[in-house]
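This report refers to the structure that appears directly beneath it.
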Amino acid sequence: MAYANKILKTILYKKVTSVFDKIEGREDLVFPTESQMAFYGFLLDYYRRYDIIPSRRYCKEFYSMESDTNPSLVTYHTISKKDTEVLLDVEATIDLQIREQLKTVTKDLMTSFNTKMKLGNPSELAKEVGELQEDLIYISSNLEERKNIEGLLHEKAKAEEKYLAKYNKRNTGDGYYVAKTGIEHIDTVIGGIHSVDFISIVGYTKQFKSTLARQVAYNILTQGKNVMFITLEMSFDDIENHFYTLHANNQERFGYDSPKITNKSVKEASLTSSEFTYFQDVVHSFNSDEDLGSVYIKQPEGIYTMDMLKSDVKKINKNIMPIDILVIDGVTLMYPNLKSRKSREEMNNFIADIRSFGLTFDGGRGLPVIAPFQVNRNGYDMAMSNKNNLYDLTAISDYNEIERSSTHVISSFQNKDMRDAGQVKIQHLATRESEQFEPILISVDGSTGVYIETKGSYSEEDTMDIIEELEI
(Lines give C-alpha, C1' and ligand atoms only; values in the text may rest on other atoms or scores of the structure.)
Protein backbone atom coordinates (compact mmCIF):
# COMPACT_ATOMS: atom_id res chain seq x y z
CA MET A 1 0.00 0.00 0.00
CA ALA A 2 2.93 2.31 0.73
CA TYR A 3 4.00 2.27 -2.93
CA ALA A 4 0.63 3.17 -4.46
CA ASN A 5 0.84 6.93 -3.86
CA LYS A 6 4.44 7.01 -5.13
CA ILE A 7 3.35 5.26 -8.32
CA LEU A 8 0.52 7.74 -8.86
CA LYS A 9 2.75 10.73 -8.20
CA THR A 10 5.31 9.42 -10.70
CA ILE A 11 2.64 8.98 -13.39
CA LEU A 12 1.42 12.55 -12.82
CA TYR A 13 4.75 14.34 -12.36
CA LYS A 14 6.86 12.44 -14.92
CA LYS A 15 4.03 11.93 -17.45
CA VAL A 16 4.58 8.16 -17.56
CA THR A 17 2.05 6.39 -19.81
CA SER A 18 3.81 3.06 -20.41
CA VAL A 19 2.54 1.71 -17.09
CA PHE A 20 -1.13 1.68 -18.12
CA ASP A 21 -0.74 -1.58 -20.08
CA LYS A 22 1.29 -3.10 -17.24
CA ILE A 23 -1.37 -2.28 -14.65
CA GLU A 24 -4.39 -3.26 -16.75
CA GLY A 25 -6.37 -6.05 -15.10
CA ARG A 26 -4.47 -5.70 -11.81
CA GLU A 27 -5.60 -2.25 -10.70
CA ASP A 28 -7.01 -3.55 -7.42
CA LEU A 29 -3.58 -4.91 -6.45
CA VAL A 30 -1.63 -1.78 -7.37
CA PHE A 31 -4.14 0.61 -5.78
CA PRO A 32 -5.79 -1.08 -2.78
CA THR A 33 -7.80 1.90 -1.44
CA GLU A 34 -10.90 3.39 -3.04
CA SER A 35 -9.28 6.85 -3.15
CA GLN A 36 -6.15 5.60 -4.91
CA MET A 37 -8.21 3.63 -7.42
CA ALA A 38 -10.40 6.67 -8.10
CA PHE A 39 -7.41 8.96 -8.72
CA TYR A 40 -5.83 6.37 -11.04
CA GLY A 41 -9.14 6.21 -12.91
CA PHE A 42 -9.08 10.00 -13.26
CA LEU A 43 -5.57 9.92 -14.79
CA LEU A 44 -6.38 7.01 -17.11
CA ASP A 45 -9.64 8.54 -18.33
CA TYR A 46 -7.90 11.87 -19.09
CA TYR A 47 -5.14 10.04 -20.99
CA ARG A 48 -7.64 8.06 -23.07
CA ARG A 49 -9.52 11.24 -23.96
CA TYR A 50 -6.59 13.54 -24.78
CA ASP A 51 -3.58 11.21 -25.22
CA ILE A 52 -1.59 13.04 -22.51
CA ILE A 53 -1.33 13.02 -18.72
CA PRO A 54 -3.10 16.05 -17.15
CA SER A 55 -0.85 18.88 -15.98
CA ARG A 56 -0.41 19.58 -12.28
CA ARG A 57 -2.00 22.99 -12.82
CA TYR A 58 -5.08 21.39 -14.37
CA CYS A 59 -5.33 18.94 -11.45
CA LYS A 60 -5.03 21.79 -8.93
CA GLU A 61 -7.84 23.74 -10.58
CA PHE A 62 -9.99 20.64 -11.07
CA TYR A 63 -9.73 19.51 -7.45
CA SER A 64 -10.22 23.04 -6.10
CA MET A 65 -13.76 22.82 -7.44
CA GLU A 66 -14.44 19.27 -6.23
CA SER A 67 -16.47 18.56 -3.10
CA ASP A 68 -15.23 16.45 -0.19
CA THR A 69 -17.37 13.58 -1.47
CA ASN A 70 -15.02 12.93 -4.41
CA PRO A 71 -13.19 9.73 -3.35
CA SER A 72 -9.99 10.66 -5.21
CA LEU A 73 -9.58 13.92 -3.28
CA VAL A 74 -7.71 12.31 -0.36
CA THR A 75 -5.11 10.73 -2.66
CA TYR A 76 -4.67 13.95 -4.65
CA HIS A 77 -3.87 15.92 -1.49
CA THR A 78 -1.48 13.17 -0.33
CA ILE A 79 0.61 13.06 -3.52
CA SER A 80 0.68 16.87 -3.69
CA LYS A 81 2.73 16.94 -0.50
CA LYS A 82 6.50 17.23 -0.82
CA ASP A 83 7.25 14.17 1.31
CA THR A 84 5.70 11.81 -1.27
CA GLU A 85 8.55 10.43 -3.39
CA VAL A 86 8.76 10.34 -7.21
CA LEU A 87 10.14 6.99 -8.38
CA LEU A 88 13.08 6.41 -10.72
CA ASP A 89 11.90 2.92 -11.80
CA VAL A 90 8.12 2.95 -11.61
CA GLU A 91 7.59 -0.36 -13.49
CA ALA A 92 9.79 -2.31 -11.07
CA THR A 93 7.93 -0.72 -8.16
CA ILE A 94 4.59 -1.78 -9.67
CA ASP A 95 5.83 -5.40 -9.68
CA LEU A 96 6.95 -4.98 -6.06
CA GLN A 97 3.59 -3.50 -5.08
CA ILE A 98 1.70 -6.39 -6.70
CA ARG A 99 3.84 -8.97 -4.92
CA GLU A 100 3.42 -7.23 -1.56
CA GLN A 101 -0.34 -7.05 -2.00
CA LEU A 102 -0.54 -10.70 -3.06
CA LYS A 103 1.44 -11.74 0.02
CA THR A 104 -1.14 -10.00 2.18
CA VAL A 105 -4.02 -11.49 0.19
CA THR A 106 -2.52 -14.99 0.43
CA LYS A 107 -1.87 -14.68 4.17
CA ASP A 108 -5.44 -13.51 4.85
CA LEU A 109 -6.79 -16.20 2.53
CA MET A 110 -4.98 -19.04 4.30
CA THR A 111 -5.95 -17.71 7.75
CA SER A 112 -9.59 -17.59 6.69
CA PHE A 113 -9.40 -21.06 5.12
CA ASN A 114 -7.84 -22.61 8.24
CA THR A 115 -10.56 -21.06 10.40
CA LYS A 116 -13.27 -22.44 8.12
CA MET A 117 -11.68 -25.89 8.24
CA LYS A 118 -11.73 -25.87 12.05
CA LEU A 119 -15.25 -24.55 12.44
CA GLY A 120 -16.95 -25.61 9.21
CA ASN A 121 -19.21 -28.49 8.36
CA PRO A 122 -17.31 -31.45 6.79
CA SER A 123 -19.97 -31.59 4.03
CA GLU A 124 -18.80 -28.17 2.82
CA LEU A 125 -15.12 -29.17 2.62
CA ALA A 126 -15.17 -29.64 -1.16
CA LYS A 127 -16.76 -26.24 -1.66
CA GLU A 128 -14.20 -24.49 0.56
CA VAL A 129 -11.28 -26.24 -1.18
CA GLY A 130 -12.74 -25.26 -4.56
CA GLU A 131 -12.98 -21.62 -3.55
CA LEU A 132 -9.40 -21.71 -2.25
CA GLN A 133 -8.22 -23.12 -5.60
CA GLU A 134 -10.02 -20.33 -7.47
CA ASP A 135 -8.36 -17.67 -5.35
CA LEU A 136 -4.90 -19.23 -5.63
CA ILE A 137 -5.20 -19.42 -9.43
CA TYR A 138 -6.12 -15.72 -9.44
CA ILE A 139 -3.03 -14.98 -7.35
CA SER A 140 -0.80 -17.10 -9.58
CA SER A 141 -2.03 -15.48 -12.80
CA ASN A 142 -1.37 -11.99 -11.42
CA LEU A 143 2.20 -12.88 -10.49
CA GLU A 144 3.00 -13.64 -14.14
CA GLU A 145 4.86 -10.93 -15.98
CA ARG A 146 2.80 -9.32 -18.75
CA LYS A 147 4.75 -9.22 -22.01
CA ASN A 148 4.23 -7.27 -25.21
CA ILE A 149 5.91 -8.16 -28.48
CA GLU A 150 7.51 -4.95 -29.68
CA GLY A 151 10.26 -3.88 -32.07
CA LEU A 152 11.34 -0.90 -34.12
CA LEU A 153 11.40 -1.72 -37.84
CA HIS A 154 13.03 1.44 -39.24
CA GLU A 155 16.27 0.88 -37.42
CA LYS A 156 18.77 0.70 -40.29
CA ALA A 157 21.24 -2.22 -40.20
CA LYS A 158 20.15 -3.72 -36.90
CA ALA A 159 16.51 -4.20 -37.92
CA GLU A 160 17.54 -5.37 -41.39
CA GLU A 161 19.92 -7.96 -39.94
CA LYS A 162 17.29 -9.25 -37.52
CA TYR A 163 14.63 -9.59 -40.20
CA LEU A 164 16.87 -11.36 -42.72
CA ALA A 165 17.99 -13.78 -40.00
CA LYS A 166 14.31 -14.53 -39.31
CA TYR A 167 13.61 -15.04 -43.01
CA ASN A 168 16.56 -17.42 -43.41
CA LYS A 169 15.29 -19.35 -40.42
CA ARG A 170 11.96 -19.83 -42.19
CA ASN A 171 13.76 -20.85 -45.37
CA THR A 172 15.54 -23.69 -43.53
CA GLY A 173 12.24 -25.11 -42.31
CA ASP A 174 12.35 -23.46 -38.90
CA GLY A 175 10.41 -20.53 -37.50
CA TYR A 176 7.29 -19.24 -39.29
CA TYR A 177 6.44 -22.47 -41.15
CA VAL A 178 5.68 -25.32 -38.76
CA ALA A 179 4.24 -28.36 -40.53
CA LYS A 180 1.79 -29.63 -43.13
CA THR A 181 -1.72 -30.80 -42.28
CA GLY A 182 -0.93 -33.98 -44.20
CA ILE A 183 -3.95 -33.49 -46.47
CA GLU A 184 -2.45 -32.53 -49.81
CA HIS A 185 -5.49 -30.71 -51.20
CA ILE A 186 -5.51 -28.39 -48.16
CA ASP A 187 -1.74 -27.91 -47.92
CA THR A 188 -1.47 -27.00 -51.62
CA VAL A 189 -3.72 -23.98 -51.05
CA ILE A 190 -2.91 -22.79 -47.50
CA GLY A 191 0.77 -23.72 -47.59
CA GLY A 192 0.69 -25.84 -44.44
CA ILE A 193 0.45 -24.67 -40.83
CA HIS A 194 2.33 -21.60 -39.66
CA SER A 195 3.30 -20.37 -36.22
CA VAL A 196 0.59 -17.68 -36.14
CA ASP A 197 -2.27 -19.91 -37.30
CA PHE A 198 -5.49 -20.40 -35.39
CA ILE A 199 -7.34 -23.14 -37.29
CA SER A 200 -10.95 -23.74 -36.30
CA ILE A 201 -12.49 -27.04 -37.40
CA VAL A 202 -16.27 -26.74 -37.28
CA GLY A 203 -19.04 -29.27 -37.74
CA TYR A 204 -22.17 -30.66 -36.18
CA THR A 205 -22.33 -33.48 -33.62
CA LYS A 206 -20.60 -36.66 -34.83
CA GLN A 207 -19.46 -35.03 -38.08
CA PHE A 208 -15.82 -36.10 -37.61
CA LYS A 209 -14.45 -32.65 -36.71
CA SER A 210 -12.51 -34.02 -33.71
CA THR A 211 -11.44 -36.99 -35.84
CA LEU A 212 -9.99 -34.56 -38.38
CA ALA A 213 -8.17 -32.66 -35.62
CA ARG A 214 -6.61 -35.92 -34.36
CA GLN A 215 -5.59 -36.97 -37.87
CA VAL A 216 -3.90 -33.61 -38.52
CA ALA A 217 -2.19 -33.83 -35.10
CA TYR A 218 -0.90 -37.31 -35.96
CA ASN A 219 0.27 -36.14 -39.40
CA ILE A 220 2.22 -33.38 -37.64
CA LEU A 221 3.89 -35.95 -35.37
CA THR A 222 5.10 -37.88 -38.42
CA GLN A 223 6.95 -34.71 -39.48
CA GLY A 224 8.98 -34.75 -36.26
CA LYS A 225 6.98 -31.98 -34.55
CA ASN A 226 5.64 -32.02 -30.99
CA VAL A 227 1.94 -31.70 -30.19
CA MET A 228 0.15 -30.82 -26.95
CA PHE A 229 -3.35 -32.30 -27.10
CA ILE A 230 -5.90 -31.09 -24.54
CA THR A 231 -9.05 -33.20 -24.38
CA LEU A 232 -12.21 -32.04 -22.66
CA GLU A 233 -14.56 -34.42 -24.49
CA MET A 234 -12.76 -37.77 -24.18
CA SER A 235 -10.59 -39.51 -21.62
CA PHE A 236 -6.79 -39.66 -21.66
CA ASP A 237 -6.98 -43.41 -22.40
CA ASP A 238 -9.30 -42.87 -25.37
CA ILE A 239 -7.03 -40.26 -26.95
CA GLU A 240 -3.96 -42.42 -26.29
CA ASN A 241 -5.71 -45.36 -28.00
CA HIS A 242 -6.62 -43.15 -30.98
CA PHE A 243 -3.03 -42.05 -31.59
CA TYR A 244 -1.72 -45.61 -31.43
CA THR A 245 -4.51 -46.77 -33.76
CA LEU A 246 -3.72 -44.01 -36.27
CA HIS A 247 -0.07 -45.05 -36.16
CA ALA A 248 -0.97 -48.73 -36.60
CA ASN A 249 -2.97 -47.93 -39.74
CA ASN A 250 -0.21 -45.83 -41.33
CA GLN A 251 0.22 -48.12 -44.32
CA GLU A 252 2.90 -45.98 -45.92
CA ARG A 253 5.02 -46.65 -42.84
CA PHE A 254 4.17 -50.26 -42.01
CA GLY A 255 3.15 -51.65 -45.41
CA TYR A 256 -0.12 -52.05 -47.25
CA ASP A 257 -0.53 -55.64 -46.08
CA SER A 258 -0.32 -54.72 -42.37
CA PRO A 259 -3.32 -55.70 -40.18
CA LYS A 260 -6.20 -53.28 -39.80
CA ILE A 261 -6.34 -52.21 -36.15
CA THR A 262 -9.62 -50.69 -34.96
CA ASN A 263 -10.26 -48.42 -32.00
CA LYS A 264 -12.80 -50.91 -30.67
CA SER A 265 -10.37 -53.84 -30.69
CA VAL A 266 -7.71 -51.75 -28.92
CA LYS A 267 -10.15 -50.35 -26.35
CA GLU A 268 -11.58 -53.79 -25.58
CA ALA A 269 -8.17 -55.52 -25.73
CA SER A 270 -9.63 -57.98 -28.27
CA LEU A 271 -6.75 -58.07 -30.75
CA THR A 272 -5.87 -61.49 -32.13
CA SER A 273 -2.47 -62.92 -31.30
CA SER A 274 -0.94 -61.85 -34.62
CA GLU A 275 -2.56 -58.40 -34.40
CA PHE A 276 -1.22 -57.93 -30.88
CA THR A 277 2.31 -58.85 -31.98
CA TYR A 278 2.05 -56.25 -34.74
CA PHE A 279 0.52 -53.70 -32.35
CA GLN A 280 3.41 -54.13 -29.90
CA ASP A 281 5.80 -53.13 -32.69
CA VAL A 282 3.57 -50.15 -33.49
CA VAL A 283 3.61 -48.91 -29.88
CA HIS A 284 7.39 -49.36 -29.73
CA SER A 285 7.78 -47.44 -33.00
CA PHE A 286 5.56 -44.59 -31.78
CA ASN A 287 7.66 -44.17 -28.64
CA SER A 288 11.14 -44.73 -30.00
CA ASP A 289 11.44 -43.79 -33.69
CA GLU A 290 13.59 -40.67 -33.87
CA ASP A 291 11.77 -39.20 -36.87
CA LEU A 292 8.50 -38.95 -34.90
CA GLY A 293 7.58 -36.05 -32.67
CA SER A 294 6.08 -36.44 -29.20
CA VAL A 295 2.50 -35.88 -28.10
CA TYR A 296 1.59 -34.67 -24.60
CA ILE A 297 -2.04 -35.45 -23.74
CA LYS A 298 -3.83 -33.60 -20.95
CA GLN A 299 -7.30 -34.43 -19.65
CA PRO A 300 -8.19 -31.66 -17.16
CA GLU A 301 -10.08 -32.49 -13.99
CA GLY A 302 -13.15 -30.36 -13.29
CA ILE A 303 -13.45 -26.78 -14.50
CA TYR A 304 -10.65 -25.75 -16.85
CA THR A 305 -9.94 -22.06 -17.47
CA MET A 306 -7.82 -19.93 -19.78
CA ASP A 307 -5.39 -19.21 -16.95
CA MET A 308 -4.97 -22.95 -16.33
CA LEU A 309 -4.40 -23.54 -20.06
CA LYS A 310 -1.71 -20.85 -20.28
CA SER A 311 0.03 -22.19 -17.19
CA ASP A 312 -0.03 -25.80 -18.45
CA VAL A 313 1.23 -24.97 -21.93
CA LYS A 314 4.07 -22.80 -20.63
CA LYS A 315 5.07 -25.46 -18.08
CA ILE A 316 5.14 -28.30 -20.65
CA ASN A 317 6.97 -26.13 -23.19
CA LYS A 318 9.64 -25.18 -20.65
CA ASN A 319 10.09 -28.42 -18.70
CA ILE A 320 9.09 -31.36 -20.91
CA MET A 321 9.25 -30.57 -24.63
CA PRO A 322 9.07 -27.59 -26.99
CA ILE A 323 5.47 -27.47 -28.22
CA ASP A 324 5.01 -26.95 -31.97
CA ILE A 325 1.21 -27.28 -32.17
CA LEU A 326 -1.58 -26.99 -29.59
CA VAL A 327 -4.85 -28.88 -30.12
CA ILE A 328 -7.81 -28.11 -27.84
CA ASP A 329 -10.60 -30.65 -28.33
CA GLY A 330 -13.74 -29.40 -26.59
CA VAL A 331 -12.73 -25.75 -26.41
CA THR A 332 -16.28 -24.51 -25.72
CA LEU A 333 -16.34 -26.64 -22.56
CA MET A 334 -13.59 -24.45 -21.12
CA TYR A 335 -14.31 -21.41 -18.96
CA PRO A 336 -12.97 -17.90 -19.62
CA ASN A 337 -12.19 -17.75 -15.88
CA LEU A 338 -13.44 -19.28 -12.66
CA LYS A 339 -15.68 -16.37 -11.76
CA SER A 340 -17.21 -15.72 -15.17
CA ARG A 341 -20.45 -17.07 -16.53
CA LYS A 342 -20.25 -18.63 -19.99
CA SER A 343 -22.31 -16.05 -21.87
CA ARG A 344 -22.00 -15.60 -25.63
CA GLU A 345 -20.00 -12.40 -25.09
CA GLU A 346 -17.67 -14.07 -22.57
CA MET A 347 -17.03 -17.00 -24.91
CA ASN A 348 -16.29 -14.71 -27.86
CA ASN A 349 -13.80 -12.77 -25.74
CA PHE A 350 -12.34 -16.10 -24.63
CA ILE A 351 -11.79 -17.21 -28.26
CA ALA A 352 -9.99 -13.92 -28.94
CA ASP A 353 -7.84 -14.56 -25.85
CA ILE A 354 -6.79 -17.97 -27.19
CA ARG A 355 -5.82 -16.34 -30.47
CA SER A 356 -3.77 -13.69 -28.66
CA PHE A 357 -2.04 -16.36 -26.56
CA GLY A 358 -1.00 -18.27 -29.69
CA LEU A 359 0.24 -15.12 -31.43
CA THR A 360 2.48 -13.97 -28.57
CA PHE A 361 3.58 -17.35 -27.21
CA ASP A 362 7.21 -17.88 -26.19
CA GLY A 363 8.39 -14.33 -26.70
CA GLY A 364 6.72 -14.01 -30.10
CA ARG A 365 7.71 -17.39 -31.58
CA GLY A 366 4.01 -18.12 -31.84
CA LEU A 367 2.05 -21.32 -31.31
CA PRO A 368 -0.42 -22.65 -33.89
CA VAL A 369 -3.74 -23.64 -32.31
CA ILE A 370 -6.21 -26.17 -33.76
CA ALA A 371 -9.65 -26.17 -32.14
CA PRO A 372 -12.80 -28.07 -33.12
CA PHE A 373 -16.08 -26.16 -32.58
CA GLN A 374 -19.68 -27.28 -32.98
CA VAL A 375 -21.84 -25.39 -35.48
CA ASN A 376 -25.39 -24.39 -34.52
CA ARG A 377 -28.43 -26.50 -35.38
CA ASN A 378 -29.76 -24.00 -37.94
CA GLY A 379 -26.48 -24.03 -39.82
CA TYR A 380 -26.49 -27.84 -39.93
CA ASP A 381 -30.11 -27.97 -41.13
CA MET A 382 -29.29 -25.46 -43.90
CA ALA A 383 -26.32 -27.55 -45.02
CA MET A 384 -28.51 -30.66 -45.04
CA SER A 385 -31.16 -28.97 -47.18
CA ASN A 386 -29.09 -27.10 -49.78
CA LYS A 387 -28.09 -28.75 -53.03
CA ASN A 388 -24.33 -28.98 -52.41
CA ASN A 389 -24.50 -29.66 -48.66
CA LEU A 390 -22.38 -26.61 -47.87
CA TYR A 391 -22.13 -24.60 -44.65
CA ASP A 392 -22.04 -20.84 -44.60
CA LEU A 393 -20.69 -18.59 -41.86
CA THR A 394 -24.10 -18.27 -40.17
CA ALA A 395 -23.40 -21.79 -38.88
CA ILE A 396 -20.91 -20.27 -36.41
CA SER A 397 -22.80 -17.06 -35.65
CA ASP A 398 -23.21 -18.05 -31.99
CA TYR A 399 -19.49 -17.49 -31.66
CA ASN A 400 -18.72 -14.96 -34.39
CA GLU A 401 -15.23 -14.45 -32.93
CA ILE A 402 -14.33 -17.77 -34.60
CA GLU A 403 -14.52 -15.99 -37.96
CA ARG A 404 -12.65 -12.90 -36.73
CA SER A 405 -9.85 -14.69 -34.88
CA SER A 406 -9.25 -17.75 -37.08
CA THR A 407 -6.69 -17.76 -39.86
CA HIS A 408 -8.67 -20.67 -41.33
CA VAL A 409 -12.16 -22.01 -40.65
CA ILE A 410 -12.46 -25.54 -42.01
CA SER A 411 -15.73 -27.48 -41.78
CA SER A 412 -16.54 -31.17 -41.89
CA PHE A 413 -19.97 -32.37 -42.99
CA GLN A 414 -21.59 -35.75 -43.46
CA ASN A 415 -25.12 -36.76 -44.51
CA LYS A 416 -26.54 -40.28 -44.69
CA ASP A 417 -25.31 -40.96 -48.25
CA MET A 418 -21.80 -39.83 -47.30
CA ARG A 419 -21.94 -41.95 -44.16
CA ASP A 420 -22.87 -45.02 -46.21
CA ALA A 421 -20.00 -44.27 -48.59
CA GLY A 422 -17.53 -43.57 -45.76
CA GLN A 423 -16.98 -39.98 -46.85
CA VAL A 424 -16.83 -36.52 -45.28
CA LYS A 425 -17.11 -33.19 -47.10
CA ILE A 426 -14.31 -30.80 -46.12
CA GLN A 427 -14.92 -27.11 -46.81
CA HIS A 428 -12.90 -23.91 -46.33
CA LEU A 429 -15.36 -21.43 -44.81
CA ALA A 430 -13.04 -18.51 -44.12
CA THR A 431 -9.38 -17.59 -44.44
CA ARG A 432 -7.12 -14.65 -43.65
CA GLU A 433 -4.02 -15.08 -45.75
CA SER A 434 -4.61 -17.51 -48.62
CA GLU A 435 -7.18 -18.50 -51.21
CA GLN A 436 -10.00 -20.79 -50.19
CA PHE A 437 -9.74 -24.37 -51.37
CA GLU A 438 -12.65 -26.01 -53.15
CA PRO A 439 -14.88 -28.36 -51.08
CA ILE A 440 -13.56 -31.92 -51.23
CA LEU A 441 -14.85 -35.37 -50.34
CA ILE A 442 -12.43 -37.35 -48.19
CA SER A 443 -12.78 -40.96 -47.15
CA VAL A 444 -12.88 -41.58 -43.41
CA ASP A 445 -12.83 -44.92 -41.64
CA GLY A 446 -14.96 -44.61 -38.50
CA SER A 447 -13.51 -47.77 -37.01
CA THR A 448 -9.92 -46.50 -37.11
CA GLY A 449 -10.40 -42.71 -37.28
CA VAL A 450 -8.17 -42.56 -40.36
CA TYR A 451 -8.76 -39.86 -42.98
CA ILE A 452 -7.73 -40.99 -46.46
CA GLU A 453 -7.37 -38.40 -49.21
CA THR A 454 -8.65 -40.34 -52.19
CA LYS A 455 -8.15 -37.66 -54.83
CA GLY A 456 -4.55 -37.52 -55.93
CA SER A 457 -3.35 -39.64 -53.03
CA TYR A 458 -1.01 -41.85 -55.02
CA SER A 459 1.23 -41.25 -58.00
CA GLU A 460 1.64 -43.96 -60.65
CA GLU A 461 4.91 -44.93 -58.99
CA ASP A 462 3.17 -45.23 -55.58
CA THR A 463 0.44 -47.36 -57.15
CA MET A 464 2.98 -49.75 -58.72
CA ASP A 465 4.78 -50.08 -55.36
CA ILE A 466 1.50 -50.96 -53.64
CA ILE A 467 0.61 -53.54 -56.33
CA GLU A 468 4.07 -55.10 -55.99
CA GLU A 469 3.90 -55.15 -52.20
CA LEU A 470 0.46 -56.77 -52.17
CA GLU A 471 1.61 -59.22 -54.87
CA ILE A 472 -1.40 -58.43 -57.06
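Here's how to read the names in the C-alpha coordinates: chain A, B, ... by the order shown, residue numbers from 1 in each chain, ligand numbers from 1 in the order shown.
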* To do: Going by DSSP on the backbone, which bits of segment 247-394 of chain A are helix (DSSP H, G or I)? Write them as an MDAnalysis selection string, please.
  => chainID A and resid 247:248 251:254 263:267 273:288 306:319 331:333 344:364 377:385 393:394
* To do: Identify, on the basis of only C-alpha atoms, every residue whose closest approach to Glu27 of chain A does not exceed 10 Å; exclude the query and any residue fewer than 6 positions from it along the same chain; express the result as a list of chain:residue names.
  => A:Phe20, A:Gln36, A:Met37, A:Tyr40, A:Gly41, A:Ile98
Output N, CA and C atoms for every residue in the selection just made, as a short mmCIF file (atom, residue, chain, number, x, y, z; two decimals), in the first residue's frame.
```
data_model
loop_
_atom_site.label_atom_id
_atom_site.label_comp_id
_atom_site.auth_asym_id
_atom_site.auth_seq_id
_atom_site.Cartn_x
_atom_site.Cartn_y
_atom_site.Cartn_z
N PHE A 20 0.30 2.00 -18.05
CA PHE A 20 -1.13 1.68 -18.12
C PHE A 20 -1.37 0.24 -18.59
N GLN A 36 -7.23 5.81 -3.96
CA GLN A 36 -6.15 5.60 -4.91
C GLN A 36 -6.68 5.11 -6.26
N MET A 37 -7.62 4.16 -6.20
CA MET A 37 -8.21 3.63 -7.42
C MET A 37 -8.94 4.73 -8.19
N TYR A 40 -6.40 7.06 -9.87
CA TYR A 40 -5.83 6.37 -11.04
C TYR A 40 -6.83 6.40 -12.20
N GLY A 41 -8.11 6.16 -11.89
CA GLY A 41 -9.14 6.21 -12.91
C GLY A 41 -9.24 7.59 -13.55
N ILE A 98 2.59 -5.25 -6.44
CA ILE A 98 1.70 -6.39 -6.70
C ILE A 98 2.09 -7.58 -5.82
#
```
* For atom CA of Lys60 of chain A and atom CA of Leu44 of chain A, determine how far apart the two atoms are, in Å to one decimal place. => 16.9 Å
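Proximity to Leu338 of chain A was assessed for A:Val313, A:Met308, A:Tyr177, A:Ala352 counting only C-alpha atoms; the smallest distance is recorded for A:Met308.
Near Asn400 of chain A, within 10 Å and counting only C-alpha atoms, sit A:Arg344, A:Glu345, A:Met347, A:Asn348, A:Ile351, A:Leu393, A:Thr394, A:Ala395, A:Ile396, A:Ser397, A:Asp398, A:Ile402, A:Glu403, A:Arg404, A:Ser405, not including residues fewer than 2 positions from it in the same chain.
Ranking A:Ile53, A:Ile410, A:Val189, A:Val227 by their shortest atom-to-atom distance to Asn317 of chain A, with only C-alpha atoms included, puts A:Val227 first.
In terms of minimum interatomic distance to Gly366 of chain A, A:Ile193 ranks closest within A:Ile193, A:Val331, A:Ile303, A:Val216, counting only C-alpha atoms.
Note that atom CA of Thr33 of chain A and atom CA of Val86 of chain A are 19.5 Å apart.
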* Out of A:Val327, A:Asn389, A:Asp187, A:Asp237, which residue has the shortest atom-to-atom distance to Glu435 of chain A when counting only C-alpha atoms? ->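 Smallest distance to Glu435 of chain A is found for A:Asp187.
Secondary structure by DSSP on the backbone puts the following residues of segment 331-396 of chain A in strand (DSSP E or B): Tyr335, Val369, Ile370, Ala371, Pro372, Phe373 and Gln374 of chain A.
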* segment 240-248 of chain A surroundings by only C-alpha atoms, 8 Å radius, close-in-sequence under 5 positions cut, as a list in words ->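 Listing them by chain and then by number gives Arg214, Gln215, Tyr218, Phe254, Lys260, Ile261, Thr262, Asn263, Val266, Lys267, Phe279, Val282, Val283, Phe286, Ile297, Thr448, Gly449 and Val450 of chain A.
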* Asked: How many Å lie between atom CA of Gly191 of chain A and atom CA of Gly379 of chain A, rounded to one decimal?
  ->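 Those two atoms sit 28.3 Å apart.
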* Asked: Closest to Ala38 of chain A among A:Leu232, A:Ile354, A:Ile23, A:Val74, using only C-alpha atoms?
  ->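 Smallest separation from Ala38 of chain A among the options: A:Val74.
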